[in-house]
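> Data file run.cif (mmCIF, C-alpha atoms and all ligand atoms) is appended below.
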data_query
loop_
_atom_site.label_atom_id
_atom_site.label_comp_id
_atom_site.auth_asym_id
_atom_site.auth_seq_id
_atom_site.Cartn_x
_atom_site.Cartn_y
_atom_site.Cartn_z
CA MET R 1 -4.24 6.16 0.54
CA ASN R 2 -7.07 5.40 -1.91
CA SER R 3 -10.35 3.84 -0.84
CA ARG R 4 -10.10 0.76 -3.00
CA ARG R 5 -9.93 -2.42 -0.97
CA PRO R 6 -6.98 -4.47 -2.19
CA CYS R 7 -7.52 -7.90 -3.66
CA ILE R 8 -5.12 -10.81 -4.00
CA GLY R 9 -6.04 -13.74 -6.23
CA GLY R 10 -4.34 -17.09 -6.53
CA ASN R 11 -4.58 -18.78 -9.92
CA TRP R 12 -3.61 -22.39 -9.37
CA LYS R 13 -3.80 -23.13 -13.13
CA MET R 14 -3.61 -26.87 -13.94
CA ASN R 15 -1.67 -27.63 -10.77
CA THR R 16 -2.35 -29.64 -7.61
CA ARG R 17 -3.79 -33.06 -7.01
CA LEU R 18 -6.85 -33.21 -4.79
CA GLU R 19 -4.92 -33.72 -1.57
CA ASP R 20 -2.54 -30.81 -2.32
CA ALA R 21 -5.46 -28.59 -3.24
CA LEU R 22 -7.25 -29.27 0.03
CA LEU R 23 -4.10 -28.70 2.08
CA LEU R 24 -3.33 -25.49 0.22
CA ALA R 25 -6.89 -24.19 0.61
CA ARG R 26 -6.87 -25.01 4.32
CA SER R 27 -3.53 -23.28 4.93
CA VAL R 28 -4.63 -20.18 3.02
CA ALA R 29 -7.97 -20.02 4.87
CA GLU R 30 -6.27 -20.43 8.26
CA GLY R 31 -3.61 -17.87 7.40
CA VAL R 32 -6.11 -15.31 6.14
CA ASP R 33 -8.08 -15.70 9.38
CA THR R 34 -5.11 -14.27 11.27
CA ILE R 35 -4.87 -11.21 9.00
CA ASP R 36 -6.88 -8.01 9.46
CA ASP R 37 -10.03 -7.98 7.35
CA CYS R 38 -8.90 -5.28 4.96
CA VAL R 39 -8.02 -7.30 1.87
CA ASP R 40 -10.08 -9.58 -0.36
CA VAL R 41 -8.59 -12.97 -1.10
CA VAL R 42 -9.74 -15.37 -3.78
CA VAL R 43 -8.39 -18.66 -5.09
CA TYR R 44 -9.03 -20.16 -8.52
CA PRO R 45 -8.49 -23.93 -8.28
CA PRO R 46 -8.75 -26.37 -11.21
CA PHE R 47 -12.38 -27.20 -12.06
CA PRO R 48 -12.53 -30.74 -10.60
CA TRP R 49 -11.48 -29.50 -7.15
CA ILE R 50 -13.90 -26.62 -6.91
CA THR R 51 -16.63 -28.29 -4.86
CA HIS R 52 -14.03 -29.90 -2.59
CA VAL R 53 -12.24 -26.59 -2.06
CA ALA R 54 -15.62 -24.93 -1.47
CA ASP R 55 -16.14 -27.23 1.54
CA VAL R 56 -12.73 -26.32 2.95
CA LEU R 57 -13.25 -22.59 2.44
CA SER R 58 -16.79 -22.58 3.81
CA GLY R 59 -17.03 -20.02 6.61
CA SER R 60 -13.61 -18.56 5.78
CA ARG R 61 -12.81 -15.16 4.29
CA VAL R 62 -11.34 -16.71 1.15
CA ALA R 63 -13.59 -16.52 -1.91
CA LEU R 64 -13.73 -19.17 -4.60
CA GLY R 65 -13.37 -18.59 -8.31
CA ALA R 66 -13.02 -20.59 -11.51
CA GLN R 67 -10.34 -20.17 -14.14
CA ASP R 68 -12.71 -19.95 -17.09
CA VAL R 69 -16.39 -20.01 -18.02
CA SER R 70 -18.35 -20.81 -21.15
CA SER R 71 -19.93 -17.99 -23.10
CA HIS R 72 -23.01 -20.22 -23.42
CA GLY R 73 -25.74 -21.18 -21.02
CA ASP R 74 -26.33 -24.90 -20.34
CA GLY R 75 -26.66 -27.00 -23.47
CA ALA R 76 -24.84 -29.04 -26.08
CA TYR R 77 -21.33 -27.70 -25.49
CA THR R 78 -19.14 -30.70 -24.74
CA GLY R 79 -16.42 -30.02 -22.23
CA GLN R 80 -17.57 -26.51 -21.38
CA ILE R 81 -18.78 -25.26 -18.01
CA SER R 82 -21.55 -22.71 -17.67
CA ALA R 83 -21.71 -19.79 -15.27
CA GLY R 84 -24.72 -21.38 -13.60
CA MET R 85 -22.72 -24.56 -12.95
CA LEU R 86 -19.94 -22.50 -11.38
CA LEU R 87 -22.43 -20.79 -9.09
CA ASP R 88 -23.93 -24.16 -8.10
CA SER R 89 -20.41 -25.38 -7.31
CA GLY R 90 -19.77 -22.56 -4.86
CA CYS R 91 -17.92 -20.09 -7.07
CA THR R 92 -18.68 -16.42 -6.85
CA LYS R 93 -15.89 -15.32 -9.18
CA VAL R 94 -14.31 -16.24 -12.47
CA LEU R 95 -11.23 -15.37 -14.52
CA VAL R 96 -11.88 -14.28 -18.09
CA GLY R 97 -9.14 -13.82 -20.64
CA HIS R 98 -6.10 -15.23 -18.91
CA SER R 99 -3.21 -15.04 -21.36
CA GLU R 100 -2.83 -18.81 -21.31
CA ARG R 101 -6.29 -18.94 -22.84
CA ARG R 102 -5.83 -15.96 -25.14
CA HIS R 103 -2.50 -17.05 -26.51
CA GLY R 104 -2.47 -20.77 -25.72
CA LEU R 105 -6.01 -21.43 -26.95
CA GLY R 106 -6.59 -18.50 -29.28
CA GLU R 107 -9.46 -16.88 -27.38
CA SER R 108 -10.33 -13.55 -28.98
CA ASN R 109 -11.51 -10.32 -27.38
CA SER R 110 -14.91 -10.94 -28.88
CA LEU R 111 -15.24 -14.41 -27.32
CA LEU R 112 -13.95 -13.04 -24.00
CA ASN R 113 -16.52 -10.28 -24.18
CA GLU R 114 -19.24 -12.94 -24.56
CA LYS R 115 -17.82 -14.86 -21.60
CA ALA R 116 -17.71 -11.74 -19.44
CA LEU R 117 -21.30 -10.86 -20.35
CA ALA R 118 -22.51 -14.42 -19.63
CA ALA R 119 -20.71 -14.49 -16.28
CA LEU R 120 -21.99 -11.07 -15.21
CA GLU R 121 -25.49 -11.90 -16.34
CA SER R 122 -25.50 -14.95 -14.08
CA GLY R 123 -24.27 -12.96 -11.07
CA LEU R 124 -20.60 -13.97 -11.04
CA GLU R 125 -17.84 -11.45 -10.43
CA VAL R 126 -15.36 -11.27 -13.28
CA MET R 127 -11.62 -10.75 -13.20
CA LEU R 128 -10.83 -9.65 -16.75
CA CYS R 129 -7.18 -10.33 -17.64
CA ILE R 130 -5.44 -8.19 -20.23
CA GLY R 131 -1.85 -7.60 -21.21
CA GLU R 132 0.59 -7.25 -24.07
CA THR R 133 3.09 -9.75 -25.47
CA LEU R 134 6.80 -9.01 -25.47
CA GLU R 135 6.72 -8.29 -29.19
CA GLU R 136 3.90 -5.79 -28.69
CA ARG R 137 5.77 -4.12 -25.83
CA ASP R 138 9.02 -3.97 -27.79
CA SER R 139 7.24 -2.35 -30.69
CA GLY R 140 5.80 0.33 -28.41
CA ARG R 141 2.23 -0.93 -28.72
CA THR R 142 1.48 -1.73 -25.07
CA ASN R 143 -1.05 1.04 -24.48
CA GLU R 144 -2.81 0.46 -27.79
CA VAL R 145 -3.09 -3.32 -27.23
CA VAL R 146 -4.31 -2.97 -23.67
CA ALA R 147 -6.81 -0.25 -24.62
CA THR R 148 -8.22 -2.44 -27.40
CA GLN R 149 -8.56 -5.39 -25.02
CA VAL R 150 -10.36 -3.23 -22.46
CA ALA R 151 -12.72 -1.67 -25.00
CA GLU R 152 -13.56 -4.90 -26.83
CA CYS R 153 -13.87 -7.12 -23.75
CA LEU R 154 -16.11 -4.60 -21.96
CA SER R 155 -18.31 -3.94 -24.96
CA GLY R 156 -21.95 -3.99 -23.82
CA VAL R 157 -21.03 -4.30 -20.13
CA GLU R 158 -23.36 -1.88 -18.41
CA ALA R 159 -22.20 0.61 -15.82
CA GLY R 160 -24.36 -1.16 -13.25
CA SER R 161 -22.31 -4.35 -13.66
CA MET R 162 -18.92 -2.70 -13.28
CA ALA R 163 -18.95 -3.11 -9.48
CA ARG R 164 -18.65 -6.86 -10.18
CA MET R 165 -15.70 -6.39 -12.52
CA THR R 166 -12.01 -6.36 -11.64
CA ILE R 167 -9.23 -5.93 -14.16
CA ALA R 168 -5.91 -7.75 -13.98
CA TYR R 169 -3.10 -6.23 -16.03
CA GLU R 170 -0.77 -9.09 -16.76
CA PRO R 171 2.00 -8.48 -19.27
CA VAL R 172 2.26 -11.81 -21.06
CA TRP R 173 6.05 -11.74 -20.98
CA ALA R 174 5.98 -11.56 -17.18
CA ILE R 175 3.68 -14.51 -16.54
CA GLY R 176 5.50 -17.52 -15.16
CA THR R 177 8.83 -16.21 -16.44
CA GLY R 178 10.30 -14.70 -13.27
CA ARG R 179 10.40 -11.35 -15.11
CA THR R 180 8.31 -8.63 -13.52
CA ALA R 181 7.29 -5.29 -14.96
CA GLU R 182 9.11 -2.35 -13.40
CA PRO R 183 6.69 -0.92 -10.83
CA GLY R 184 6.70 2.48 -12.57
CA ASP R 185 5.98 0.89 -15.97
CA ALA R 186 3.12 -1.16 -14.53
CA GLN R 187 1.76 1.94 -12.78
CA GLU R 188 1.73 3.83 -16.08
CA VAL R 189 -0.34 1.12 -17.75
CA HIS R 190 -2.72 0.90 -14.77
CA ALA R 191 -3.21 4.66 -14.78
CA GLY R 192 -3.93 4.52 -18.53
CA ILE R 193 -6.57 1.82 -17.99
CA ARG R 194 -8.20 3.93 -15.28
CA THR R 195 -8.32 6.96 -17.59
CA GLN R 196 -9.86 4.82 -20.30
CA LEU R 197 -12.52 3.55 -17.86
CA ALA R 198 -13.41 7.14 -17.03
CA ASP R 199 -13.91 7.77 -20.75
CA LEU R 200 -15.89 4.57 -21.33
CA TYR R 201 -17.98 4.92 -18.16
CA ASP R 202 -17.45 7.76 -15.70
CA ALA R 203 -14.99 9.02 -13.12
CA PRO R 204 -16.54 7.28 -10.07
CA ILE R 205 -16.53 3.90 -11.84
CA ALA R 206 -12.92 4.43 -12.89
CA ALA R 207 -11.91 5.52 -9.39
CA GLY R 208 -13.61 2.52 -7.81
CA MET R 209 -12.28 -0.10 -10.21
CA ARG R 210 -9.68 -2.43 -8.78
CA ILE R 211 -6.86 -3.00 -11.23
CA LEU R 212 -4.54 -5.80 -10.15
CA TYR R 213 -1.07 -6.53 -11.44
CA GLY R 214 -0.09 -10.07 -12.43
CA GLY R 215 3.22 -11.45 -13.67
CA SER R 216 5.75 -13.14 -11.40
CA MET R 217 4.59 -11.27 -8.31
CA LYS R 218 6.41 -12.75 -5.31
CA PRO R 219 6.93 -11.83 -1.67
CA GLY R 220 10.18 -10.09 -2.67
CA ASN R 221 8.67 -7.71 -5.23
CA ALA R 222 5.05 -7.41 -4.05
CA GLY R 223 5.69 -4.41 -1.82
CA GLU R 224 7.09 -2.12 -4.51
CA LEU R 225 4.32 -3.06 -6.94
CA LEU R 226 1.52 -2.68 -4.41
CA GLU R 227 2.72 0.73 -3.31
CA GLN R 228 1.95 2.14 -6.77
CA ALA R 229 -1.07 4.43 -6.72
CA ASP R 230 -3.10 2.49 -9.30
CA ILE R 231 -2.09 -1.07 -8.41
CA ASP R 232 -4.82 -2.47 -6.20
CA GLY R 233 -3.59 -5.98 -5.62
CA GLY R 234 -2.19 -8.93 -7.48
CA LEU R 235 -3.16 -11.98 -9.48
CA ILE R 236 -0.62 -14.59 -8.49
CA GLY R 237 0.24 -17.78 -10.36
CA GLY R 238 3.32 -19.69 -9.21
CA ALA R 239 3.60 -18.10 -5.77
CA SER R 240 -0.04 -18.93 -4.99
CA LEU R 241 0.83 -22.62 -4.88
CA ASP R 242 2.89 -22.08 -1.73
CA SER R 243 0.68 -20.90 1.13
CA ASP R 244 3.54 -19.13 2.92
CA GLU R 245 4.44 -17.14 -0.19
CA PHE R 246 0.82 -16.39 -0.99
CA LEU R 247 0.10 -15.26 2.58
CA SER R 248 3.20 -13.12 2.57
CA ILE R 249 1.95 -11.32 -0.58
CA ILE R 250 -1.46 -10.87 1.07
CA ASN R 251 0.31 -9.41 4.09
CA ALA R 252 2.18 -6.99 1.85
CA THR R 253 -1.13 -5.26 1.09
CA MET R 254 -1.35 -4.31 4.81
CA THR R 255 1.81 -2.29 4.77
CA GLN R 256 1.31 -0.67 1.37
CA GLY R 257 -1.13 2.19 1.12
CA SER R 258 -1.40 3.53 -2.37
CA ALA R 259 -1.35 7.28 -2.56
CA ASP R 260 -4.06 8.95 -4.59
C1 LIG P 1 -0.90 -15.73 -13.68
O1 LIG P 1 -0.99 -16.87 -14.06
O2 LIG P 1 -1.90 -14.98 -13.72
C2 LIG P 1 0.38 -15.27 -13.18
C3 LIG P 1 0.53 -14.00 -12.90
O3 LIG P 1 1.35 -16.22 -13.05
P1 LIG P 1 2.79 -16.01 -12.34
O4 LIG P 1 2.55 -15.32 -11.02
O5 LIG P 1 3.33 -17.40 -12.16
O6 LIG P 1 3.61 -15.18 -13.25
#
Take the structure in this file and express it as structure tokens.

Amino acid sequence: MNSRRPCIGGNWKMNTRLEDALLLARSVAEGVDTIDDCVDVVVYPPFPWITHVADVLSGSRVALGAQDVSSHGDGAYTGQISAGMLLDSGCTKVLVGHSERRHGLGESNSLLNEKALAALESGLEVMLCIGETLEERDSGRTNEVVATQVAECLSGVEAGSMARMTIAYEPVWAIGTGRTAEPGDAQEVHAGIRTQLADLYDAPIAAGMRILYGGSMKPGNAGELLEQADIDGGLIGGASLDSDEFLSIINATMTQGSAD
């Protein structure tokens, strides 16, 4: 069993109306209260619901995150949201580089690096999402693509900030498709990321880094993914919108000890 505390995140994307969001947040908070305190849980609601969800989660063990952050501080950036605003709204965490922003909105590694630096600078914890497309996987470029994303997105991130960084490996072809990476294939990529972190930083930082898997993780496949030595939790999209499914994935971390 390794010493990394597992983490399960729920990315609600552009889903839920206010009433659904509040109900979902309440059910998750109540459910997590009944689970042993040996897993971190975070939800990433849509921006307009963040302060409302913050009220519901107040006093619970469920942390609050945002799905994106501006690379800029406050100023003339119409439609963007600064890290400081997220903190004022009750967020302690933020996603950077989700594939729906990389591939849907064309966000580059260099922009994501600026976002990560801005978020860390303000005190937020960052979940950096990386992952290859199907075409990149089929052409045997998974490791190269992932390594480039890690190196470029972490450029200038100091060792002292790495305790506030989590990485989510999310193969793009597995997100929202019902297709999941084979646990052994995902493990190989996770282990490669950890080795790269040891090269970029040092062995203790690499050993302490939580690397989550994301891509159609569900109650039915969570166990076999979470039992992999270098998979330290999950970033969940679709299944996080159903509190029973989400709680069942959180529960799966209790029974899976990764072997180091
Ligand atoms: C995600 O959006 O990060 C994700 C993993 O989605 P899904 O679980 O629906 O594949």
> Show me a table, sorted first by chain and then by increasing residue number, of the residues of chain R having an atom at most 6 Å from ligand LIG 1 (chain P), each with its shortest atom pair and the distance in Å to one decimal, counting all atoms listed in the file and written as a Markdown table.

| residue | atom | partner | partner_atom | distance |
| --- | --- | --- | --- | --- |
| R:Asn11 | CA | P:LIG1 | O1 | 5.8 |
| R:Ala174 | CA | P:LIG1 | O6 | 5.8 |
| R:Ile175 | CA | P:LIG1 | O6 | 3.4 |
| R:Gly176 | CA | P:LIG1 | O6 | 3.6 |
| R:Gly214 | CA | P:LIG1 | C3 | 4.0 |
| R:Gly215 | CA | P:LIG1 | O6 | 3.8 |
| R:Ser216 | CA | P:LIG1 | O6 | 3.5 |
| R:Met217 | CA | P:LIG1 | O4 | 5.3 |
| R:Leu235 | CA | P:LIG1 | O2 | 5.3 |
| R:Ile236 | CA | P:LIG1 | O4 | 4.1 |
| R:Gly237 | CA | P:LIG1 | O3 | 3.3 |
| R:Gly238 | CA | P:LIG1 | O5 | 3.7 |
> Extract, using all atoms listed in the file, all DNA, RNA and protein residues at most 9 Å from Asn15 (chain R), discarding same-chain residues fewer than 3 positions from it, and format them as a list of chain:residue names.
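What passes the distance filter is R:Trp12, R:Ala21, R:Pro45, R:Pro46, R:Leu241.
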> Near Leu154 (chain R), counting all atoms listed in the file, which residues have an atom at most 9 Å away, once you skip same-chain residues fewer than 2 positions from it, shown as a ChimeraX atom specification?
/R:112-113,116-117,128,149-152,156-158
> To one decimal in Å, tell me the separation between CA of Gly97 (chain R) and CA of Asp37 (chain R).
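Separation between CA of Gly97 (chain R) and CA of Asp37 (chain R): 28.6 Å.
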> Quick one: of R:Ser110, R:Thr34, R:Ser70, R:Gln228, who's nearest to Glu182 (chain R), counting all atoms listed in the file?
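Using all atoms listed in the file, Glu182 (chain R) sits closest to R:Gln228.
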> I want to know what sits within 7 Å of Pro171 (chain R), based on only C-alpha atoms, with residues of the same chain fewer than 5 positions away left out; could you give that as a PyMOL selection string?
chain R and resi 131-133+215
> Can you pull out the residues contacting Asp242 (chain R)? Cut-off 12 Å, using all atoms listed in the file, and skip same-chain residues under 5 positions away; I want them as a PyMOL selection string.
chain R and resi 10-12+15-16+20-21+23-28+31+218-219+236-237+247-249
> So which residues touch Ala191 (chain R) within 9 Å, counting all atoms listed in the file, skipping near sequence neighbours fewer than 3 positions away, as a list in words?
Ala186, Gln187, Glu188, Arg194, Thr195, Gln196, Ala229, Asp230 and Ile231 of chain R
> Using all atoms listed in the file, which residue out of R:Ile167, R:Val189, R:Leu124, R:Ala159 lies closest to Ile8 (chain R)?
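Of the candidates, the smallest distance to Ile8 (chain R) is held by R:Ile167.
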> Figure out the distance between CA of Val62 (chain R) and CA of Tyr44 (chain R), please, to one decimal in Å.
10.5 Å
> With distances taken over only C-alpha atoms, which of R:His190, R:His72, R:Lys115, R:His103 is nearest to Leu212 (chain R)?
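Using only C-alpha atoms, the shortest distance to Leu212 (chain R) belongs to R:His190.
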> Up to 10 Å from (-19.8, -24.2, -9.3) in the file's coordinates: name the residues, counting all atoms listed in the file, as a ChimeraX atom specification.
/R:47-48,50-51,54,64-66,81-93
> Find, counting all atoms listed in the file, the residue in R:Leu57, R:Val42, R:Glu245, R:Ser3 that gets nearest to Ala29 (chain R).
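The answer is R:Leu57, which sits nearest to Ala29 (chain R).
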> Between R:Gly106, R:Gly208, R:Gly73, R:Gly184, which is the closest to Glu224 (chain R) once you count all atoms listed in the file?
R:Gly184
> In Å, how far is it from CA of Asn143 (chain R) to CA of Tyr213 (chain R)?
15.1 Å
> Find the smallest box with edges along x, y and z containing every listed atom of region 61-75 of chain R, then add 5 Å on each side and report centre and edge lengths in Å to one decimal, as lines of an AutoDock Vina configuration file.

center_x = -18.5
center_y = -21.1
center_z = -9.6
size_x = 26.3
size_y = 21.8
size_z = 37.8
> Identify the residues around (-19.6, -9.8, -12.0) within a radius of 10 Å, measuring from only C-alpha atoms in the coordinates stated by the file, and give them as a list in words.
Thr92, Lys93, Val94, Ala116, Leu117, Ala118, Ala119, Leu120, Glu121, Ser122, Gly123, Leu124, Glu125, Val126, Met127, Leu128, Val157, Gly160, Ser161, Met162, Ala163, Arg164, Met165 and Thr166 of chain R
